[in-house]
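Asker: Here it is: the structure, laid out below.
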Amino acid sequence: MKCLVVDDDPLTCDLVKSYLKQIGGVDYGLKVNDGSTALHLLAAEQFDAVFLDLQLPGIDGITLLKALPGSPPP
């Protein structure tokens with residue numbers, strides 16, 4: 001499973017990655033700390049799961065979701 005963790009709090013990112021390691025089956029876990037970087041990554045790569053903080057610097061989580069192709073209407 002390929003996961004992306006998007007959160008501006010490094011401790012939260014580390015905690016989520018720690019939980020993912022305990023579950024197993026996660027081959028690739030990437031963490032980023034802002035919405036702009038996450039948006040670029042999501043446009044360039046496919047992820048099986050995204051753990052997204054809603055309060056991010058720059059582009060917040062809700063705006064990021066709405067900007068993704070195929071996202072549900074508001």
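Residues are referred to by chain and number: the chain letter is A, B, ... according to the order shown in the structure tokens, the number counts from 1 in that chain, and ligands are numbered separately from 1 in the order shown.
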Write out as a ChimeraX atom specification which residues come within 9 Å of region 12-27 of chain A when counting only C-alpha atoms, dropping same-chain ones fewer than 6 positions away.
Answerer: /A:1-3,5-6,33,51
Asker: So which residues touch region 57-61 of chain A within 8 Å, counting only C-alpha atoms, skipping near sequence neighbours fewer than 2 positions away, as a list in words?
Answerer: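 So, after excluding close chain neighbours, the residues are Asp8, Asp34, Gly35, Ser36, Leu52, Asp53, Leu54, Gln55, Thr63, Leu64 and Leu65 of chain A.
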